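*Asks:* Enclosed is the structure file work_31.pdb (PDB, C-alpha atoms).
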MODEL        1
ATOM      1  CA  MET A   1      87.400  22.333 145.620
ATOM      2  CA  GLN A   2      89.866  25.064 146.086
ATOM      3  CA  THR A   3      88.764  28.580 145.261
ATOM      4  CA  GLN A   4      90.456  31.116 143.108
ATOM      5  CA  ALA A   5      92.151  34.006 144.883
ATOM      6  CA  THR A   6      92.158  37.359 143.070
ATOM      7  CA  GLY A   7      94.214  40.357 144.158
ATOM      8  CA  SER A   8      94.676  43.797 142.647
ATOM      9  CA  VAL A   9      97.119  46.640 142.848
ATOM     10  CA  SER A  10      96.873  50.372 142.575
ATOM     11  CA  VAL A  11      99.310  52.975 141.366
ATOM     12  CA  ALA A  12      99.517  56.586 142.481
ATOM     13  CA  PHE A  13     101.850  59.466 141.685
ATOM     14  CA  VAL A  14     103.023  61.371 144.720
ATOM     15  CA  ASN A  15     105.098  64.458 145.365
ATOM     16  CA  LEU A  16     108.672  64.084 146.519
ATOM     17  CA  PRO A  17     110.508  66.675 148.627
ATOM     18  CA  ASP A  18     113.119  67.051 145.876
ATOM     19  CA  GLY A  19     110.751  66.757 142.937
ATOM     20  CA  ALA A  20     108.640  69.183 140.951
ATOM     21  CA  LEU A  21     105.129  69.621 142.287
ATOM     22  CA  LEU A  22     102.468  67.440 140.727
ATOM     23  CA  ALA A  23      99.197  69.143 139.897
ATOM     24  CA  PRO A  24      96.259  68.010 142.019
ATOM     25  CA  GLY A  25      94.232  65.203 140.535
ATOM     26  CA  GLY A  26      93.275  61.579 140.932
ATOM     27  CA  ALA A  27      95.927  59.369 142.433
ATOM     28  CA  GLY A  28      96.597  57.570 139.172
ATOM     29  CA  GLN A  29      96.115  60.602 136.925
ATOM     30  CA  ARG A  30      98.427  63.521 137.659
ATOM     31  CA  ALA A  31     100.095  66.311 135.726
ATOM     32  CA  LEU A  32     103.690  67.489 135.897
ATOM     33  CA  ASP A  33     104.490  70.965 134.552
ATOM     34  CA  LEU A  34     108.198  71.698 134.247
ATOM     35  CA  GLY A  35     107.520  75.311 133.242
ATOM     36  CA  GLN A  36     109.920  77.302 131.072
ATOM     37  CA  VAL A  37     113.343  75.851 130.469
ATOM     38  CA  ALA A  38     116.216  77.566 128.686
ATOM     39  CA  TYR A  39     119.724  76.478 127.828
ATOM     40  CA  GLY A  40     122.216  77.805 130.328
ATOM     41  CA  ALA A  41     119.559  79.184 132.637
ATOM     42  CA  VAL A  42     118.316  78.142 136.047
ATOM     43  CA  SER A  43     114.774  76.835 136.031
ATOM     44  CA  ARG A  44     112.243  78.960 137.875
ATOM     45  CA  THR A  45     110.233  75.867 138.692
ATOM     46  CA  PRO A  46     111.359  74.472 142.055
ATOM     47  CA  ASN A  47     113.227  71.163 141.965
ATOM     48  CA  VAL A  48     113.711  71.212 138.208
ATOM     49  CA  GLN A  49     117.370  71.056 137.204
ATOM     50  CA  ILE A  50     118.829  72.011 133.844
ATOM     51  CA  ARG A  51     122.146  70.568 132.791
ATOM     52  CA  THR A  52     123.796  71.838 129.629
ATOM     53  CA  LEU A  53     125.927  69.864 127.254
ATOM     54  CA  LYS A  54     127.477  71.111 124.059
ATOM     55  CA  ASP A  55     124.620  70.024 121.829
ATOM     56  CA  ARG A  56     121.675  69.667 124.219
ATOM     57  CA  MET A  57     120.255  70.422 127.599
ATOM     58  CA  ILE A  58     118.850  67.875 129.998
ATOM     59  CA  VAL A  59     115.915  68.851 132.178
ATOM     60  CA  THR A  60     115.549  66.657 135.248
ATOM     61  CA  THR A  61     113.118  66.194 138.100
ATOM     62  CA  ARG A  62     111.722  63.386 140.253
ATOM     63  CA  PHE A  63     108.326  62.063 141.198
ATOM     64  CA  GLY A  64     107.114  59.322 143.483
ATOM     65  CA  LEU A  65     105.411  56.107 142.394
ATOM     66  CA  ALA A  66     103.306  54.491 145.118
ATOM     67  CA  LEU A  67     102.197  50.905 144.510
ATOM     68  CA  GLN A  68      99.709  49.254 146.816
ATOM     69  CA  ASN A  69      97.948  45.933 147.139
ATOM     70  CA  THR A  70      94.206  46.463 147.044
ATOM     71  CA  GLY A  71      91.167  44.243 147.172
ATOM     72  CA  THR A  72      90.851  41.029 149.082
ATOM     73  CA  GLY A  73      91.947  37.527 148.508
ATOM     74  CA  GLY A  74      95.590  37.894 147.760
ATOM     75  CA  SER A  75      98.587  40.111 147.993
ATOM     76  CA  PHE A  76     101.790  40.407 146.059
ATOM     77  CA  ALA A  77     105.174  41.546 147.198
ATOM     78  CA  THR A  78     106.462  43.026 143.976
ATOM     79  CA  ALA A  79     105.310  44.204 140.573
ATOM     80  CA  THR A  80     106.772  45.031 137.196
ATOM     81  CA  VAL A  81     106.293  48.627 136.171
ATOM     82  CA  LEU A  82     106.184  49.517 132.502
ATOM     83  CA  ALA A  83     105.843  52.943 130.927
ATOM     84  CA  SER A  84     105.271  54.322 127.457
ATOM     85  CA  LEU A  85     104.484  57.595 125.747
ATOM     86  CA  ALA A  86     100.974  58.319 124.585
ATOM     87  CA  PHE A  87     102.420  59.443 121.250
ATOM     88  CA  PRO A  88     105.956  59.639 119.842
ATOM     89  CA  ASP A  89     108.004  62.828 120.219
ATOM     90  CA  SER A  90     110.737  63.092 117.635
ATOM     91  CA  ALA A  91     111.867  66.529 118.820
ATOM     92  CA  ARG A  92     112.898  65.477 122.311
ATOM     93  CA  THR A  93     114.005  62.393 124.232
ATOM     94  CA  MET A  94     112.282  61.467 127.476
ATOM     95  CA  ARG A  95     113.654  59.004 129.987
ATOM     96  CA  ILE A  96     112.376  57.518 133.206
ATOM     97  CA  GLU A  97     114.996  55.967 135.421
ATOM     98  CA  GLY A  98     117.363  56.205 132.472
ATOM     99  CA  VAL A  99     115.079  54.204 130.188
ATOM    100  CA  LYS A 100     114.224  55.925 126.931
ATOM    101  CA  MET A 101     110.489  56.376 126.475
ATOM    102  CA  GLY A 102     108.556  55.693 123.305
ATOM    103  CA  PRO A 103     105.143  54.385 122.240
ATOM    104  CA  VAL A 104     106.135  50.805 123.116
ATOM    105  CA  PRO A 105     105.962  50.021 126.870
ATOM    106  CA  GLN A 106     109.380  49.701 128.489
ATOM    107  CA  ILE A 107     110.220  48.129 131.831
ATOM    108  CA  ILE A 108     111.359  50.843 134.186
ATOM    109  CA  GLN A 109     111.193  48.803 137.392
ATOM    110  CA  PRO A 110     111.332  45.002 137.038
ATOM    111  CA  ARG A 111     110.518  44.242 140.671
ATOM    112  CA  ALA A 112     109.091  47.254 142.407
ATOM    113  CA  ARG A 113     108.032  46.705 146.001
ATOM    114  CA  LEU A 114     104.326  46.942 146.705
ATOM    115  CA  GLY A 115     103.321  48.912 149.742
ATOM    116  CA  ALA A 116     106.153  51.370 149.190
ATOM    117  CA  THR A 117     106.825  54.594 147.311
ATOM    118  CA  SER A 118     109.751  54.637 144.941
ATOM    119  CA  ALA A 119     111.409  57.704 143.492
ATOM    120  CA  CYS A 120     111.530  57.943 139.724
ATOM    121  CA  ARG A 121     113.975  60.187 137.881
ATOM    122  CA  PHE A 122     112.424  61.893 134.882
ATOM    123  CA  GLU A 123     114.568  63.514 132.188
ATOM    124  CA  ILE A 124     113.918  65.392 128.961
ATOM    125  CA  GLU A 125     116.766  65.880 126.499
ATOM    126  CA  VAL A 126     116.323  68.960 124.340
ATOM    127  CA  PRO A 127     118.739  69.489 121.432
ATOM    128  CA  VAL A 128     120.016  73.048 120.968
ATOM    129  CA  THR A 129     118.732  72.911 117.389
ATOM    130  CA  LEU A 130     115.105  72.691 118.510
ATOM    131  CA  THR A 131     113.432  76.012 117.648
ATOM    132  CA  GLU A 132     110.336  77.956 118.668
ATOM    133  CA  LYS A 133     108.272  75.795 116.330
ATOM    134  CA  ASP A 134     108.631  72.840 118.699
ATOM    135  CA  ALA A 135     108.952  74.839 121.906
ATOM    136  CA  GLN A 136     105.770  73.562 123.520
ATOM    137  CA  MET A 137     105.952  70.062 124.880
ATOM    138  CA  ARG A 138     102.953  68.069 126.028
ATOM    139  CA  ASN A 139     102.749  64.330 126.304
ATOM    140  CA  SER A 140     101.370  61.664 128.586
ATOM    141  CA  ILE A 141     103.294  58.806 130.104
ATOM    142  CA  LEU A 142     101.207  55.663 130.473
ATOM    143  CA  PHE A 143     102.145  53.355 133.336
ATOM    144  CA  GLN A 144     101.274  49.683 133.668
ATOM    145  CA  VAL A 145     101.815  47.806 136.912
ATOM    146  CA  ILE A 146     101.798  44.014 136.750
ATOM    147  CA  PRO A 147     102.151  42.141 140.033
ATOM    148  CA  ASN A 148     104.650  39.303 139.967
TER     149      ASN A 148
ATOM    150  CA  MET B   1      78.676   2.873 133.675
ATOM    151  CA  LYS B   2      77.184   6.338 133.907
ATOM    152  CA  LYS B   3      77.724   6.495 137.619
ATOM    153  CA  LEU B   4      81.399   5.734 137.244
ATOM    154  CA  THR B   5      81.852   8.534 134.686
ATOM    155  CA  LEU B   6      80.219  11.129 136.891
ATOM    156  CA  ILE B   7      82.428  10.249 139.840
ATOM    157  CA  ALA B   8      85.532  10.425 137.679
ATOM    158  CA  LEU B   9      84.605  13.903 136.409
ATOM    159  CA  ALA B  10      83.939  15.155 139.920
ATOM    160  CA  ALA B  11      87.305  13.891 141.105
ATOM    161  CA  ALA B  12      89.040  15.636 138.232
ATOM    162  CA  ILE B  13      87.395  18.944 139.023
ATOM    163  CA  MET B  14      88.397  18.677 142.673
ATOM    164  CA  MET B  15      92.014  18.246 141.671
ATOM    165  CA  ILE B  16      92.238  21.527 139.795
ATOM    166  CA  PRO B  17      94.858  23.563 141.709
ATOM    167  CA  SER B  18      93.864  26.960 143.071
ATOM    168  CA  LEU B  19      94.756  29.860 140.824
ATOM    169  CA  ALA B  20      95.966  33.221 142.063
ATOM    170  CA  SER B  21      95.528  35.981 139.554
ATOM    171  CA  ALA B  22      95.948  39.697 139.835
ATOM    172  CA  GLN B  23      94.562  42.592 137.955
ATOM    173  CA  THR B  24      97.058  45.089 136.572
ATOM    174  CA  ALA B  25      96.940  48.762 137.405
ATOM    175  CA  THR B  26      97.410  51.704 135.113
ATOM    176  CA  GLY B  27      98.245  55.342 135.654
ATOM    177  CA  THR B  28      98.809  58.390 133.482
ATOM    178  CA  LEU B  29     101.251  61.218 134.083
ATOM    179  CA  THR B  30     100.832  64.186 131.754
ATOM    180  CA  VAL B  31     104.023  66.188 131.325
ATOM    181  CA  THR B  32     104.287  69.712 129.957
ATOM    182  CA  ALA B  33     107.195  72.092 129.427
ATOM    183  CA  THR B  34     108.075  75.148 127.349
ATOM    184  CA  VAL B  35     111.505  75.477 125.810
ATOM    185  CA  THR B  36     112.695  79.073 125.622
ATOM    186  CA  GLY B  37     115.367  80.196 123.182
ATOM    187  CA  SER B  38     118.471  81.871 124.560
ATOM    188  CA  ILE B  39     121.613  83.629 123.354
ATOM    189  CA  ASN B  40     124.960  84.012 125.020
ATOM    190  CA  LEU B  41     127.724  86.577 124.511
ATOM    191  CA  VAL B  42     131.398  86.101 125.324
ATOM    192  CA  PHE B  43     134.562  88.054 124.601
ATOM    193  CA  ASN B  44     137.598  86.396 123.111
ATOM    194  CA  SER B  45     141.096  87.642 122.426
ATOM    195  CA  ASP B  46     141.787  88.446 118.808
ATOM    196  CA  ALA B  47     145.110  87.286 117.412
ATOM    197  CA  ALA B  48     145.703  90.726 115.931
ATOM    198  CA  GLY B  49     144.897  92.623 119.105
ATOM    199  CA  VAL B  50     145.930  92.935 122.715
ATOM    200  CA  PRO B  51     145.210  89.676 124.559
ATOM    201  CA  LEU B  52     142.399  90.112 127.039
ATOM    202  CA  ALA B  53     143.909  90.559 130.492
ATOM    203  CA  ALA B  54     141.092  88.642 132.132
ATOM    204  CA  GLY B  55     137.769  87.017 131.377
ATOM    205  CA  ALA B  56     138.464  85.680 127.881
ATOM    206  CA  GLY B  57     135.664  83.274 127.001
ATOM    207  CA  THR B  58     133.248  84.936 129.408
ATOM    208  CA  ASN B  59     130.884  87.862 129.272
ATOM    209  CA  ALA B  60     133.060  90.024 131.522
ATOM    210  CA  ALA B  61     136.535  90.697 130.209
ATOM    211  CA  THR B  62     139.320  93.199 130.695
ATOM    212  CA  LEU B  63     141.220  94.897 127.877
ATOM    213  CA  ALA B  64     144.396  96.605 129.037
ATOM    214  CA  PHE B  65     146.166  98.855 126.553
ATOM    215  CA  GLY B  66     149.004  99.510 128.970
ATOM    216  CA  ASN B  67     150.975 102.707 128.567
ATOM    217  CA  VAL B  68     149.917 104.646 125.502
ATOM    218  CA  SER B  69     151.254 107.806 123.948
ATOM    219  CA  ALA B  70     151.191 109.716 120.705
ATOM    220  CA  PHE B  71     154.743 108.896 119.693
ATOM    221  CA  GLY B  72     156.233 106.454 122.194
ATOM    222  CA  ALA B  73     156.194 102.670 122.149
ATOM    223  CA  VAL B  74     152.900 100.885 122.520
ATOM    224  CA  ALA B  75     152.158  97.321 123.486
ATOM    225  CA  ALA B  76     151.969  94.565 120.926
ATOM    226  CA  GLY B  77     148.544  94.416 119.323
ATOM    227  CA  VAL B  78     147.854  98.126 119.807
ATOM    228  CA  VAL B  79     147.301 100.102 116.613
ATOM    229  CA  ARG B  80     148.016 103.815 116.897
ATOM    230  CA  THR B  81     147.146 106.722 114.648
ATOM    231  CA  THR B  82     147.708 110.424 115.201
ATOM    232  CA  THR B  83     146.248 113.714 114.078
ATOM    233  CA  ALA B  84     147.336 117.252 114.719
ATOM    234  CA  THR B  85     145.716 117.284 118.141
ATOM    235  CA  THR B  86     144.886 113.711 119.120
ATOM    236  CA  PHE B  87     146.102 110.169 118.972
ATOM    237  CA  THR B  88     143.977 107.052 118.784
ATOM    238  CA  VAL B  89     144.856 103.636 120.101
ATOM    239  CA  SER B  90     142.789 100.633 119.177
ATOM    240  CA  SER B  91     142.822  96.901 119.631
ATOM    241  CA  ALA B  92     140.967  94.079 117.971
ATOM    242  CA  VAL B  93     138.493  92.380 120.321
ATOM    243  CA  ASP B  94     136.323  89.443 119.379
ATOM    244  CA  VAL B  95     132.685  89.115 120.344
ATOM    245  CA  ASN B  96     131.079  85.703 119.983
ATOM    246  CA  VAL B  97     127.309  85.366 120.276
ATOM    247  CA  THR B  98     125.759  81.914 120.273
ATOM    248  CA  LYS B  99     122.113  80.946 120.208
ATOM    249  CA  THR B 100     120.188  77.878 121.323
ATOM    250  CA  ASN B 101     116.643  76.747 120.631
ATOM    251  CA  SER B 102     115.965  79.676 118.366
ATOM    252  CA  ALA B 103     115.306  80.210 114.690
ATOM    253  CA  SER B 104     116.785  83.711 114.872
ATOM    254  CA  ALA B 105     118.952  84.429 111.828
ATOM    255  CA  ASN B 106     121.245  87.050 113.356
ATOM    256  CA  TYR B 107     121.596  89.481 116.220
ATOM    257  CA  THR B 108     121.843  93.175 116.931
ATOM    258  CA  LEU B 109     124.778  94.280 119.037
ATOM    259  CA  ASN B 110     124.571  97.511 121.036
ATOM    260  CA  ALA B 111     127.245  99.092 123.190
ATOM    261  CA  GLN B 112     127.149 101.834 125.787
ATOM    262  CA  LEU B 113     129.853 103.469 127.840
ATOM    263  CA  GLY B 114     129.499 102.836 131.543
ATOM    264  CA  ALA B 115     130.564 106.280 132.715
ATOM    265  CA  ALA B 116     130.658 109.657 131.021
ATOM    266  CA  ASP B 117     134.014 110.694 129.541
ATOM    267  CA  ALA B 118     134.098 114.304 128.443
ATOM    268  CA  VAL B 119     137.743 114.141 127.396
ATOM    269  CA  ASP B 120     138.251 110.991 125.346
ATOM    270  CA  THR B 121     136.267 109.493 122.511
ATOM    271  CA  TRP B 122     135.456 105.808 122.640
ATOM    272  CA  GLN B 123     134.557 103.614 119.688
ATOM    273  CA  VAL B 124     133.524 100.022 119.223
ATOM    274  CA  GLY B 125     133.686  98.598 115.750
ATOM    275  CA  GLY B 126     134.124 102.119 114.374
ATOM    276  CA  ILE B 127     130.939 103.379 116.084
ATOM    277  CA  THR B 128     131.260 106.085 118.716
ATOM    278  CA  VAL B 129     129.857 104.989 122.042
ATOM    279  CA  THR B 130     128.854 107.239 124.929
ATOM    280  CA  ASN B 131     127.146 106.712 128.228
ATOM    281  CA  ALA B 132     124.142 108.741 127.099
ATOM    282  CA  ALA B 133     122.548 105.974 125.046
ATOM    283  CA  ALA B 134     123.339 102.596 123.566
ATOM    284  CA  ALA B 135     124.782 102.671 120.068
ATOM    285  CA  THR B 136     124.148  99.956 117.515
ATOM    286  CA  ILE B 137     127.399  98.326 116.520
ATOM    287  CA  THR B 138     125.823  95.848 114.113
ATOM    288  CA  ALA B 139     122.261  94.927 113.205
ATOM    289  CA  ALA B 140     123.144  91.654 111.525
ATOM    290  CA  GLY B 141     125.677  89.889 113.664
ATOM    291  CA  THR B 142     126.589  86.332 112.743
ATOM    292  CA  TYR B 143     126.044  83.711 115.397
ATOM    293  CA  ALA B 144     128.743  81.365 116.625
ATOM    294  CA  THR B 145     131.509  83.428 115.050
ATOM    295  CA  ASN B 146     134.347  85.398 116.586
ATOM    296  CA  SER B 147     133.495  88.814 115.204
ATOM    297  CA  ASN B 148     136.119  91.520 115.613
ATOM    298  CA  PHE B 149     134.734  94.820 116.884
ATOM    299  CA  PRO B 150     137.863  96.872 117.624
ATOM    300  CA  VAL B 151     137.845  99.047 120.701
ATOM    301  CA  ALA B 152     139.424 102.469 120.121
ATOM    302  CA  ILE B 153     140.144 105.428 122.389
ATOM    303  CA  THR B 154     140.971 108.853 120.996
ATOM    304  CA  VAL B 155     143.012 110.908 123.450
ATOM    305  CA  PRO B 156     143.710 114.641 123.006
ATOM    306  CA  PHE B 157     147.285 115.838 123.235
ATOM    307  CA  THR B 158     146.223 118.037 126.124
ATOM    308  CA  THR B 159     145.739 115.037 128.397
ATOM    309  CA  ALA B 160     148.350 115.138 131.128
ATOM    310  CA  SER B 161     151.011 112.478 131.236
ATOM    311  CA  GLY B 162     150.203 109.816 133.808
ATOM    312  CA  THR B 163     146.446 110.172 133.401
ATOM    313  CA  VAL B 164     144.705 106.850 133.898
ATOM    314  CA  ILE B 165     141.935 106.222 131.419
ATOM    315  CA  SER B 166     139.456 103.572 132.561
ATOM    316  CA  ASN B 167     135.873 102.823 131.699
ATOM    317  CA  THR B 168     133.379 100.038 131.119
ATOM    318  CA  ILE B 169     131.685  99.260 127.838
ATOM    319  CA  ASN B 170     128.383  97.400 128.232
ATOM    320  CA  TYR B 171     127.491  95.204 125.292
ATOM    321  CA  THR B 172     123.974  93.932 124.632
ATOM    322  CA  ALA B 173     123.168  91.316 122.021
ATOM    323  CA  THR B 174     119.554  90.895 120.976
ATOM    324  CA  ALA B 175     118.257  88.104 118.770
ATOM    325  CA  ASN B 176     116.557  89.352 115.616
TER     326      ASN B 176
ENDMDL
END
Go ahead and render the structure in this file as structure tokens.
*Replies:*
Amino acid sequence: MQTQATGSVSVAFVNLPDGALLAPGGAGQRALDLGQVAYGAVSRTPNVQIRTLKDRMIVTTRFGLALQNTGTGGSFATATVLASLAFPDSARTMRIEGVKMGPVPQIIQPRARLGATSACRFEIEVPVTLTEKDAQMRNSILFQVIPN
Amino acid sequence: MKKLTLIALAAAIMMIPSLASAQTATGTLTVTATVTGSINLVFNSDAAGVPLAAGAGTNAATLAFGNVSAFGAVAAGVVRTTTATTFTVSSAVDVNVTKTNSASANYTLNAQLGAADAVDTWQVGGITVTNAAAATITAAGTYATNSNFPVAITVPFTTASGTVISNTINYTATAN
């Protein structure tokens, strides 16, 4: 009788040299504070860029996604990475690797290599019409990693 | 009969192929940011005034009246008035203040002369400006509009011919 082989993967968020600093925390639970952002201004937070368009500004930074094989019994070469927002944000648009985020998981990396760290571009689009009422932004991005 | 059935079942179980399964992983990245409102001020040439010599569309512009006198020719766009002892030259100048990410309804515009001028009188939008303190030009400026606040210089007749008059007017727009 042949036995079943079970493997597992882990996901961790890591700092990149050209990305905003992640707050200390568990490998799979980190926080990213982009600080204060203003249209036409330079961000005071290192490695956060602000690009202005006529009707919006785009705040950009990067973070690292480290995927590893863990456990015994099997290993995978690649995995599909999905991401979603913990709750919808109608005031702003968030994108990871150019993929618009929402409550429904979206594929951001169809075949990410395990055992490697990939750089993810994170963007927030803020319309110029957004006022002080919606100035504070706080959301969580939920990642799912499925080996394939 | 029973023996045969048992053997058949055992054989079937042994033929089940091995399965490789993997557990998925999850992670959470909490993102925070604070959007700060901002306003921007630029100068634009007014069709009725002297075209800005430099910096139109920016927050640092140059307005050149050229040669001015009480009774001689003046450049196009310059409006001149005279009294018994002075003459005043003025030009329309547009100020455009825009806002982003703010619920502010309007703005206050202040102006202050960069250097003291004990001889001439300077005005912006009809309000005398000095270098002593900022003067309020308007307390209810309209955003995203080219608003004309004429710049005027009153020169006494006693000023010698060939005198160069030059100064800086610092404008400050504050969201209300």
*Asks:* For the structure shown, which residues end up in the PyMOL selection byres ((chain B and resi 129) around 12)? Put them as a CSV table (one decimal) with C-alpha atoms, in the coordinates of the input, please?
*Replies:*
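Okay, this is what ended up in selection.csv:
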chain,number,residue,atom,x,y,z
B,110,ASN,CA,124.6,97.5,121.0
B,111,ALA,CA,127.2,99.1,123.2
B,112,GLN,CA,127.1,101.8,125.8
B,113,LEU,CA,129.9,103.5,127.8
B,114,GLY,CA,129.5,102.8,131.5
B,115,ALA,CA,130.6,106.3,132.7
B,116,ALA,CA,130.7,109.7,131.0
B,117,ASP,CA,134.0,110.7,129.5
B,120,ASP,CA,138.3,111.0,125.3
B,121,THR,CA,136.3,109.5,122.5
B,122,TRP,CA,135.5,105.8,122.6
B,123,GLN,CA,134.6,103.6,119.7
B,124,VAL,CA,133.5,100.0,119.2
B,125,GLY,CA,133.7,98.6,115.8
B,126,GLY,CA,134.1,102.1,114.4
B,127,ILE,CA,130.9,103.4,116.1
B,128,THR,CA,131.3,106.1,118.7
B,130,THR,CA,128.9,107.2,124.9
B,131,ASN,CA,127.1,106.7,128.2
B,132,ALA,CA,124.1,108.7,127.1
B,133,ALA,CA,122.5,106.0,125.0
B,134,ALA,CA,123.3,102.6,123.6
B,135,ALA,CA,124.8,102.7,120.1
B,136,THR,CA,124.1,100.0,117.5
B,137,ILE,CA,127.4,98.3,116.5
B,151,VAL,CA,137.8,99.0,120.7
B,152,ALA,CA,139.4,102.5,120.1
B,153,ILE,CA,140.1,105.4,122.4
B,154,THR,CA,141.0,108.9,121.0
B,167,ASN,CA,135.9,102.8,131.7
B,168,THR,CA,133.4,100.0,131.1
B,169,ILE,CA,131.7,99.3,127.8
B,170,ASN,CA,128.4,97.4,128.2
B,171,TYR,CA,127.5,95.2,125.3
*Asks:* Take the PyMOL selection byres ((chain A and resi 40-55) around 6), run it mentally on this structure, and tell me the resulting residues as a list of chain:residue names.
*Replies:*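 Applying the expression gives A:Asp18, A:Gly19, A:Ala20, A:Val37, A:Ala38, A:Tyr39, A:Arg56, A:Met57, A:Ile58, A:Val59, A:Thr60, A:Thr61, A:Pro127, A:Val128.
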*Asks:* From the set A:Leu32, A:Leu22, A:Ala86, A:Ala79, which residue has the shortest atom-to-atom contact distance to chain B, counting all atoms listed in the file?
*Replies:* A:Leu32
*Asks:* So which residues touch range 35-37 of chain B within 9 Å, counting all atoms listed in the file, skipping near sequence neighbours fewer than 3 positions away, as an mmCIF file with C-alpha atoms, in the frame of the given file?
*Replies:*
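That gives us selection05.cif:
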data_model
loop_
_atom_site.group_PDB
_atom_site.id
_atom_site.type_symbol
_atom_site.label_atom_id
_atom_site.label_comp_id
_atom_site.auth_asym_id
_atom_site.auth_seq_id
_atom_site.Cartn_x
_atom_site.Cartn_y
_atom_site.Cartn_z
ATOM 1 C CA GLY A 35 107.520 75.311 133.242
ATOM 2 C CA GLN A 36 109.920 77.302 131.072
ATOM 3 C CA VAL A 37 113.343 75.851 130.469
ATOM 4 C CA ALA A 38 116.216 77.566 128.686
ATOM 5 C CA TYR A 39 119.724 76.478 127.828
ATOM 6 C CA VAL A 126 116.323 68.960 124.340
ATOM 7 C CA VAL A 128 120.016 73.048 120.968
ATOM 8 C CA LEU A 130 115.105 72.691 118.510
ATOM 9 C CA THR A 131 113.432 76.012 117.648
ATOM 10 C CA GLU A 132 110.336 77.956 118.668
ATOM 11 C CA ASP A 134 108.631 72.840 118.699
ATOM 12 C CA ALA A 135 108.952 74.839 121.906
ATOM 13 C CA GLN A 136 105.770 73.562 123.520
ATOM 14 C CA MET A 137 105.952 70.062 124.880
ATOM 15 C CA LYS B 99 122.113 80.946 120.208
ATOM 16 C CA THR B 100 120.188 77.878 121.323
ATOM 17 C CA ASN B 101 116.643 76.747 120.631
ATOM 18 C CA SER B 102 115.965 79.676 118.366
ATOM 19 C CA ALA B 103 115.306 80.210 114.690
#
*Asks:* Within 12 Å of Phe65 in chain B, counting all atoms listed in the file, which residues qualify if same-chain residues fewer than 2 places away don't, as an NGL selection string?
*Replies:* :B and (49-53 or 62-63 or 67-69 or 73-80 or 88-93 or 151-153 or 164-166)
*Asks:* Have a look at CA of Leu21 in chain A and CA of Ser90 in chain A and let me know their distance in Å, one decimal.
*Replies:* 26.1 Å
*Asks:* Mind pulling up the distance from CA of Ala116 in chain A to CA of Arg138 in chain A?
*Replies:*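 Separation between CA of Arg138 in chain A and CA of Ala116 in chain A: 28.7 Å.
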*Asks:* To one decimal in Å, tell me the separation between CA of Ile124 in chain A and CA of Met94 in chain A.
*Replies:* 4.5 Å
*Asks:* Nearest to chain B: which of A:Thr129, A:Asn148, A:Thr93, A:Thr117 is it, counting only C-alpha atoms?
*Replies:*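 Smallest distance to chain B is found for A:Thr129.
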*Asks:* Would you translate the PyMOL selection byres ((chain A and resi 142) around 12) into the concrete set of residues it matches in this file, as a PyMOL selection string?
*Replies:* (chain A and resi 11+13+28-31+81-87+96+101-108+139-141+143-145) or (chain B and resi 25-31)
*Asks:* Can you work out which one of B:Asn106, B:Phe87, B:Val42, B:Ala60 has the shortest atom-to-atom distance to Gly72 in chain B, counting only C-alpha atoms?
*Replies:* B:Phe87
*Asks:* For each of B:Ser38, B:Thr174, B:Asn96, B:Ser161, take the minimum atom-to-atom distance to Thr58 in chain B, counting only C-alpha atoms, then give the residue where this is smallest.
*Replies:* B:Asn96
*Asks:* Tell me which of A:Asn15, A:Thr78, A:Ser8, A:Thr70 sits closest to Leu114 in chain A, counting all atoms listed in the file.
*Replies:*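 Nearest to Leu114 in chain A: A:Thr78.
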*Asks:* Restricting the calculation to all atoms listed in the file, which member of A:Val14, A:Pro147, A:Phe76, A:Lys133 is positioned closest to Gly64 in chain A?
*Replies:*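 Closest to Gly64 in chain A, using all atoms listed in the file: A:Val14.
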*Asks:* Excluding Ala61 in chain B and residues on its chain fewer than 5 positions from it, collect all residues at most 7 Å away from it, counting all atoms listed in the file, and give them as a ChimeraX atom specification.
*Replies:* /B:43,52,54-56
